[in-house]
Every structure is written in structure tokens, then in C-alpha cells.
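Data from query-v8.cif: mmCIF, C-alpha atoms and all ligand atoms
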```cif
data_work
loop_
_atom_site.label_atom_id
_atom_site.label_comp_id
_atom_site.auth_asym_id
_atom_site.auth_seq_id
_atom_site.Cartn_x
_atom_site.Cartn_y
_atom_site.Cartn_z
CA MET A 1 -2.35 -1.52 2.16
CA ARG A 2 -2.27 -3.75 5.16
CA ASP A 3 -0.87 -7.13 5.90
CA GLY A 4 -0.24 -8.96 9.14
CA LYS A 5 3.43 -8.14 9.27
CA HIS A 6 4.92 -5.91 11.92
CA ILE A 7 6.57 -2.94 10.30
CA ALA A 8 9.92 -2.30 11.95
CA ILE A 9 10.49 1.38 11.31
CA ASP A 10 10.94 3.94 14.04
CA ARG A 11 8.24 6.50 14.28
CA PRO A 12 9.90 9.65 15.59
CA CYS A 13 6.88 11.70 16.62
CA LYS A 14 3.17 12.10 16.23
CA MET A 15 3.18 15.66 14.96
CA GLY A 16 1.91 14.98 11.51
CA LEU A 17 -0.83 12.45 12.01
CA ARG A 18 -3.69 12.82 9.58
CA ASN A 19 -7.08 11.24 9.58
CA ILE A 20 -7.41 8.18 7.34
CA ILE A 21 -10.71 8.39 5.53
CA LYS A 22 -12.79 5.26 5.17
CA LYS A 23 -14.63 3.50 2.40
CA GLY A 24 -17.93 5.22 1.70
CA GLU A 25 -16.42 8.69 1.49
CA SER A 26 -16.56 9.91 -2.09
CA THR A 27 -12.92 11.09 -2.12
CA LEU A 28 -11.74 7.49 -2.24
CA ALA A 29 -13.60 6.89 -5.49
CA LYS A 30 -12.11 9.91 -7.27
CA LYS A 31 -9.12 10.11 -9.58
CA SER A 32 -6.15 12.00 -8.13
CA ARG A 33 -4.39 14.80 -9.97
CA VAL A 34 -0.81 14.80 -11.24
CA ILE A 35 1.69 16.57 -8.97
CA LYS A 36 3.68 19.33 -10.65
CA ASP A 37 5.02 21.30 -7.69
CA PHE A 38 7.67 19.52 -5.67
CA ASN A 39 7.57 22.04 -2.90
CA GLU A 40 7.47 22.25 0.88
CA ARG A 41 3.77 21.54 0.89
CA LEU A 42 4.34 18.20 -0.85
CA HIS A 43 7.14 17.35 1.56
CA THR A 44 4.89 18.05 4.53
CA LEU A 45 2.19 15.85 3.00
CA LEU A 46 4.68 13.00 2.50
CA ASP A 47 6.08 13.37 6.03
CA ASP A 48 2.57 13.36 7.47
CA MET A 49 1.60 10.33 5.37
CA ARG A 50 4.65 8.50 6.68
CA GLU A 51 3.68 9.23 10.28
CA THR A 52 0.10 8.27 9.63
CA MET A 53 0.98 5.02 7.87
CA LEU A 54 3.39 3.90 10.59
CA GLU A 55 0.94 4.78 13.34
CA ALA A 56 -1.71 2.69 11.58
CA LYS A 57 0.80 -0.11 10.89
CA GLY A 58 0.14 0.04 7.19
CA LEU A 59 2.27 -1.37 4.42
CA GLY A 60 1.37 1.49 2.13
CA LEU A 61 -0.68 4.66 1.99
CA ALA A 62 -1.98 6.84 -0.81
CA ALA A 63 -2.61 10.60 -0.56
CA PRO A 64 -6.36 10.29 -1.25
CA GLN A 65 -6.60 8.19 1.92
CA VAL A 66 -5.75 11.32 3.89
CA GLY A 67 -8.15 13.36 1.79
CA VAL A 68 -5.64 14.79 -0.68
CA LEU A 69 -6.44 14.01 -4.31
CA ARG A 70 -2.85 14.10 -5.54
CA ARG A 71 -0.79 11.33 -7.11
CA ALA A 72 1.51 10.47 -4.20
CA VAL A 73 1.90 7.11 -2.46
CA LEU A 74 4.12 5.42 0.09
CA VAL A 75 5.00 1.74 0.02
CA VAL A 76 6.99 -0.16 2.64
CA ASP A 77 9.59 -2.35 0.99
CA THR A 78 9.95 -5.35 3.28
CA THR A 79 12.35 -7.31 1.10
CA GLU A 80 15.60 -5.83 2.36
CA GLU A 81 17.15 -6.53 5.74
CA GLU A 82 15.61 -3.36 7.10
CA ASP A 83 12.19 -2.17 6.03
CA ARG A 84 12.30 1.08 4.11
CA ILE A 85 9.62 3.43 2.91
CA ILE A 86 9.54 4.28 -0.76
CA GLU A 87 7.92 7.56 -1.79
CA LEU A 88 6.40 7.58 -5.26
CA ILE A 89 5.07 10.71 -6.91
CA ASN A 90 3.06 10.32 -10.11
CA PRO A 91 3.76 6.56 -10.20
CA GLU A 92 2.91 4.46 -13.24
CA ILE A 93 3.23 0.73 -13.73
CA ILE A 94 5.23 0.39 -16.93
CA GLU A 95 5.73 -3.39 -16.93
CA SER A 96 4.06 -6.27 -15.17
CA GLU A 97 4.58 -10.00 -15.27
CA GLY A 98 3.23 -13.15 -13.67
CA LEU A 99 0.31 -13.57 -11.35
CA GLN A 100 -0.24 -13.83 -7.61
CA GLU A 101 -3.50 -14.39 -5.87
CA GLY A 102 -3.65 -13.61 -2.19
CA PRO A 103 -5.16 -11.72 0.72
CA GLU A 104 -5.20 -7.96 0.82
CA GLY A 105 -6.52 -5.37 3.24
CA CYS A 106 -6.64 -1.58 3.33
CA LEU A 107 -6.41 1.05 6.07
CA SER A 108 -9.50 2.66 4.55
CA VAL A 109 -11.49 -0.57 4.72
CA PRO A 110 -11.03 -1.72 8.32
CA ASP A 111 -11.44 -5.38 9.23
CA VAL A 112 -12.15 -6.50 5.69
CA TRP A 113 -9.82 -8.76 3.75
CA GLY A 114 -10.22 -10.01 0.23
CA ILE A 115 -8.48 -12.25 -2.26
CA VAL A 116 -7.00 -10.08 -4.99
CA LYS A 117 -5.17 -11.10 -8.15
CA ARG A 118 -2.08 -9.02 -8.85
CA PRO A 119 0.98 -9.34 -11.06
CA MET A 120 3.90 -11.12 -9.36
CA ASN A 121 6.39 -8.59 -10.69
CA VAL A 122 5.99 -4.95 -11.59
CA LYS A 123 8.22 -2.17 -12.81
CA VAL A 124 7.09 1.29 -11.75
CA ARG A 125 8.21 4.68 -13.03
CA ALA A 126 7.77 7.56 -10.61
CA GLN A 127 9.32 10.75 -9.31
CA ASP A 128 10.86 11.35 -5.92
CA ARG A 129 9.88 14.25 -3.63
CA TYR A 130 12.24 16.55 -5.54
CA GLY A 131 10.80 15.65 -8.94
CA LYS A 132 13.62 13.34 -10.02
CA GLU A 133 12.38 10.46 -12.12
CA PHE A 134 13.29 6.88 -11.21
CA GLU A 135 12.24 3.34 -11.96
CA ILE A 136 11.84 0.58 -9.42
CA GLU A 137 11.09 -3.12 -9.72
CA ALA A 138 9.28 -5.16 -7.12
CA GLU A 139 7.94 -8.65 -6.67
CA GLY A 140 5.57 -10.48 -4.38
CA LEU A 141 4.11 -8.51 -1.52
CA THR A 142 5.84 -5.27 -2.50
CA ALA A 143 4.53 -5.57 -6.07
CA ARG A 144 1.10 -6.11 -4.59
CA ALA A 145 1.46 -2.98 -2.46
CA PHE A 146 2.52 -0.88 -5.47
CA CYS A 147 -0.56 -2.03 -7.39
CA HIS A 148 -2.87 -1.46 -4.43
CA GLU A 149 -1.62 2.09 -3.76
CA ILE A 150 -1.61 3.11 -7.42
CA ASP A 151 -5.20 1.84 -7.66
CA HIS A 152 -6.09 4.35 -4.92
CA LEU A 153 -4.92 7.17 -7.20
CA ASN A 154 -7.49 6.05 -9.73
CA GLY A 155 -10.30 5.75 -7.21
CA THR A 156 -10.19 1.96 -7.02
CA LEU A 157 -10.33 0.03 -3.75
CA PHE A 158 -9.40 -3.64 -3.43
CA THR A 159 -13.03 -4.37 -2.61
CA ASP A 160 -13.92 -3.16 -6.12
CA ILE A 161 -11.70 -5.74 -7.78
CA CYS A 162 -11.29 -8.63 -5.34
CA GLU A 163 -12.26 -12.18 -6.22
CA ARG A 164 -14.06 -12.55 -2.91
CA ILE A 165 -14.07 -11.31 0.68
CA LEU A 166 -12.52 -13.57 3.31
CA THR A 167 -14.75 -15.07 5.98
CA PRO A 168 -14.00 -14.21 9.65
CA GLU A 169 -12.61 -17.74 10.08
CA GLU A 170 -10.23 -17.27 7.18
CA VAL A 171 -9.10 -13.90 8.54
CA GLU A 172 -8.40 -15.51 11.88
CA GLU A 173 -6.39 -18.24 10.25
CA LEU A 174 -4.48 -15.65 8.24
CA PHE A 175 -3.32 -13.74 11.30
CA PHE A 176 -3.43 -15.98 14.29
CA SER A 177 -2.19 -19.36 13.19
CA GLU A 178 1.37 -20.14 14.25
CA GLU A 179 2.14 -21.47 10.85
CA ASN A 180 1.40 -18.14 9.32
CA ASP A 181 3.90 -16.27 11.47
CA GLU A 182 6.66 -18.11 9.71
CA GLU A 183 5.07 -17.75 6.34
CA ASN A 184 4.37 -14.05 6.67
CA ASP A 185 7.93 -13.29 5.71
CA GLN A 186 7.43 -14.82 2.32
CA ALA A 187 4.78 -13.36 0.15
CA ASP A 188 4.94 -16.34 -2.22
CA THR A 189 4.16 -18.87 0.48
CA GLU A 190 1.52 -16.67 1.96
CA THR A 191 -0.11 -16.36 -1.42
CA GLU A 192 0.01 -20.08 -2.04
CA LYS A 193 -1.74 -20.67 1.22
CA VAL A 194 -5.02 -19.21 0.13
NI NI B 1 -5.51 0.87 0.65
#
```
Please express what this file holds, its structure, as C-alpha cells.
Ligand code: NI
Amino acid sequence: MRDGKHIAIDRPCKMGLRNIIKKGESTLAKKSRVIKDFNERLHTLLDDMRETMLEAKGLGLAAPQVGVLRRAVLVVDTTEEEDRIIELINPEIIESEGLQEGPEGCLSVPDVWGIVKRPMNVKVRAQDRYGKEFEIEAEGLTARAFCHEIDHLNGTLFTDICERILTPEEVEELFFSEENDEENDQADTETEKV
């Protein structure tokens, strides 16, 4: 997923960059398979996805976006003092609550932004790269990113479910108004704005 925020995570090297496939390629519309082997190959995929996401300044990335139909996603959690990347293998939303309606973009759908309704809070169950199960709760923008990335695993893009696509003027306002720079830090305010 994309938003206008700068992601402050160091990107150590460019060794593992993969090509991000774009809307129109059939892979993005397919359902990804469950991951059962938590092996070196998975770790390389996750490391490469991390590189690729940071290079593209994304807020999240799903394995099918790099052409791998496996249930693995990354989401940048921007709520803590320092941004951190959460790896989720076989993620499932097990609880959701509330509603937010706001702008969303995707690295696989360049230059297009749409208004998408998402739950305000979600609880997700997933496994880490070693297969250990965990649960994580998120709200606001991070909850939105979880939903967006998990949708990718089911072959759904935000353009399939959005209320409407933003006009170029609205996109400009979203990213280039001074007001918005302050508001970008708060998903709630940003959501209210639209
Ligand atoms: Ni996306």
C-alpha cells in the first residue's frame, strides 16, 4: 500500500530488489497459497520484499506483487516512535471493528488513488518467518494497510472495492497541501479530510 508519508527505515543495500508487477497482470487477481515451509527460500523472499518495498517507498507489500503467489505480506507500522516492518505469513483478520473511509494507493496501481472503506481496528493472526503464530492489533492507517495487503493474497486490488477514484485535483491536494503534511501523521484526521 502507499500513502504520502516518508518511511524512515534504513535500506541497507539493493541486492534483493524485485520487480513489482502492475495491475493488468493476471497474477494480481489470483489467490495465493498457504505457506508451509518456513525455510531459507521464504526468508530470502521476505528480505527481498523488504528491500523492494523500501525502495518503492511503500507502506506495505504482498508477495503476489513480486510475482510469488504465497501468503506473505509486509506492513510498515508507523504508530511507534520508529517505523518498523511487520512480517506476516498466512495472515487472517480475526476481528474487526469500526469504520474508516479514506484515500488508498498501491504500488501495483501507480498514480491512482481511491477512497476505500476499511475497519478502524483489526486484530490479525499470522505466523512469523519461523512459523511461530502471533496476534497483532492495529488501528487507523496500519489497520488499513493490513486489510489492503491481505486483500492482495485473495486477488483483490483496492480499485476492485473502492468507493470512487480520486480526481487529479484531489490527489494533488492530498499530497501537496501544507495542511496535509501535518495531518499525514494522523490517519484519523487524514481520513476525516476526505
Ligand atoms: Ni497494494
Open item on the list: I'd like to know which of A:Gly98, A:Gly114, A:Pro168, A:Pro91 is closest to ligand NI 1 (chain B), using all atoms listed in the file.
Closed with: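 Nearest to ligand NI 1 (chain B): A:Gly114.
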Task: Protein and nucleic acid residues within 8 Å of ligand NI 1 (chain B) (all atoms listed in the file) as a VMD selection string - done: chain A and resid 1 to 2 60 to 62 65 105 to 109 148 to 149 152 157 to 158
Task: One-decimal distance in Å that lies between atom CA of A:Val75 and atom CA of A:Leu59 - done: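 For atom CA of A:Leu59 relative to atom CA of A:Val75, the distance reads 6.0 Å.
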Near A:Lys30, counting all atoms listed in the file, which residues have an atom at most 9 Å away, once you skip same-chain residues fewer than 3 positions from it, shown as a short mmCIF file (atom, residue, chain, number, x, y, z; two decimals) with C-alpha atoms, in the frame of the given file?
```cif
data_model
loop_
_atom_site.label_atom_id
_atom_site.label_comp_id
_atom_site.auth_asym_id
_atom_site.auth_seq_id
_atom_site.Cartn_x
_atom_site.Cartn_y
_atom_site.Cartn_z
CA SER A 26 -16.56 9.91 -2.09
CA THR A 27 -12.92 11.09 -2.12
CA PRO A 64 -6.36 10.29 -1.25
CA LEU A 69 -6.44 14.01 -4.31
CA HIS A 152 -6.09 4.35 -4.92
CA LEU A 153 -4.92 7.17 -7.20
CA ASN A 154 -7.49 6.05 -9.73
CA GLY A 155 -10.30 5.75 -7.21
CA THR A 156 -10.19 1.96 -7.02
#
```
Task: Distance query stretch 40-46 of chain A at most 9 Å, all atoms listed in the file, self and fewer than 4 positions along chain excluded, as a PyMOL selection string - done: chain A and resi 16+35+50-51+63+68+72-74+87+129-130
Task: From A:Ile136, A:Ile20, A:Ile115, A:Met15, residue lying nearest A:Glu92 [all atoms listed in the file] - done: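 Of the candidates, the smallest distance to A:Glu92 is held by A:Ile136.
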Open item on the list: As an exercise, work out the distance from atom CA of A:Val171 to atom CA of A:Glu101 in Å and give it to one decimal place.
Closed with: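 Computed distance, atom CA of A:Val171 to atom CA of A:Glu101, equals 15.5 Å.
For the residues A:Met49, A:Glu169, A:Gly24, A:Phe38, ranking by smallest atom-to-atom distance to A:Ile85 using only C-alpha atoms places A:Met49 first.
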TODO: For atom CA of A:Gly58 and atom CA of A:Val76, determine how far apart the two atoms are, in Å to one decimal place.
DONE: 8.2 Å
TODO: Please provide as JSON, numbers by chain all residues within 8 Å of A:Ile21, with the sequence filter that same-chain residues fewer than 2 positions apart are discarded (counting only C-alpha atoms).
DONE: {"A": [19, 23, 25, 28, 65, 66, 67, 108]}
TODO: Name the closest residue to A:Thr167 among the candidates A:Asp37, A:Asp77, A:Asp111, A:Glu55; distances are taken between atoms, counting only C-alpha atoms.
DONE: A:Asp111
TODO: Considering all atoms listed in the file, return as a PyMOL selection string whatever protein or nucleic-acid residues lie within 12 Å of stretch 118-123 of chain A, sequence-local ones (same chain, fewer than 5 positions apart) excluded.
DONE: chain A and resi 91-104+134-148+150-151+158+161-163+187-188+191
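Considering all atoms listed in the file, the residue among A:Thr78, A:Lys57, A:Ala29, A:Ile86 positioned nearest to A:Thr159 is A:Ala29.
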- [ ] Can you work out which one of A:Val112, A:Ile89, A:Leu166, A:Ala56 has the shortest atom-to-atom distance to A:Val124, counting only C-alpha atoms?
- [x]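 Smallest distance to A:Val124 is found for A:Ile89.
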Filled-in N, CA and C atoms of stretch 150-163 of chain A, supplied as an mmCIF file, keeping the file's coordinate frame:
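Saved to selection-v1.cif:
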```
data_model
loop_
_atom_site.group_PDB
_atom_site.id
_atom_site.type_symbol
_atom_site.label_atom_id
_atom_site.label_comp_id
_atom_site.auth_asym_id
_atom_site.auth_seq_id
_atom_site.Cartn_x
_atom_site.Cartn_y
_atom_site.Cartn_z
ATOM 1 N N ILE A 150 -1.380 2.404 -6.163
ATOM 2 C CA ILE A 150 -1.610 3.110 -7.420
ATOM 3 C C ILE A 150 -3.106 3.046 -7.784
ATOM 4 N N ASP A 151 -3.740 1.937 -7.473
ATOM 5 C CA ASP A 151 -5.200 1.840 -7.660
ATOM 6 C C ASP A 151 -5.928 2.972 -6.922
ATOM 7 N N HIS A 152 -5.467 3.270 -5.703
ATOM 8 C CA HIS A 152 -6.090 4.350 -4.920
ATOM 9 C C HIS A 152 -6.103 5.671 -5.698
ATOM 10 N N LEU A 153 -5.030 5.902 -6.463
ATOM 11 C CA LEU A 153 -4.920 7.170 -7.200
ATOM 12 C C LEU A 153 -5.941 7.248 -8.323
ATOM 13 N N ASN A 154 -6.471 6.088 -8.685
ATOM 14 C CA ASN A 154 -7.490 6.050 -9.730
ATOM 15 C C ASN A 154 -8.880 5.785 -9.165
ATOM 16 N N GLY A 155 -8.991 5.899 -7.850
ATOM 17 C CA GLY A 155 -10.300 5.750 -7.210
ATOM 18 C C GLY A 155 -10.763 4.322 -7.049
ATOM 19 N N THR A 156 -9.817 3.379 -7.125
ATOM 20 C CA THR A 156 -10.190 1.960 -7.020
ATOM 21 C C THR A 156 -9.746 1.390 -5.672
ATOM 22 N N LEU A 157 -10.662 0.732 -4.998
ATOM 23 C CA LEU A 157 -10.330 0.030 -3.750
ATOM 24 C C LEU A 157 -10.242 -1.465 -4.042
ATOM 25 N N PHE A 158 -9.532 -2.198 -3.171
ATOM 26 C CA PHE A 158 -9.400 -3.640 -3.430
ATOM 27 C C PHE A 158 -10.758 -4.337 -3.410
ATOM 28 N N THR A 159 -11.693 -3.757 -2.671
ATOM 29 C CA THR A 159 -13.030 -4.370 -2.610
ATOM 30 C C THR A 159 -13.771 -4.234 -3.949
ATOM 31 N N ASP A 160 -13.309 -3.313 -4.785
ATOM 32 C CA ASP A 160 -13.920 -3.160 -6.120
ATOM 33 C C ASP A 160 -13.464 -4.262 -7.064
ATOM 34 N N ILE A 161 -12.283 -4.825 -6.795
ATOM 35 C CA ILE A 161 -11.700 -5.740 -7.780
ATOM 36 C C ILE A 161 -11.396 -7.127 -7.214
ATOM 37 N N CYS A 162 -11.699 -7.360 -5.945
ATOM 38 C CA CYS A 162 -11.290 -8.630 -5.340
ATOM 39 C C CYS A 162 -12.149 -9.790 -5.853
ATOM 40 N N GLU A 163 -11.556 -10.976 -5.792
ATOM 41 C CA GLU A 163 -12.260 -12.180 -6.220
ATOM 42 C C GLU A 163 -13.400 -12.467 -5.242
#
```
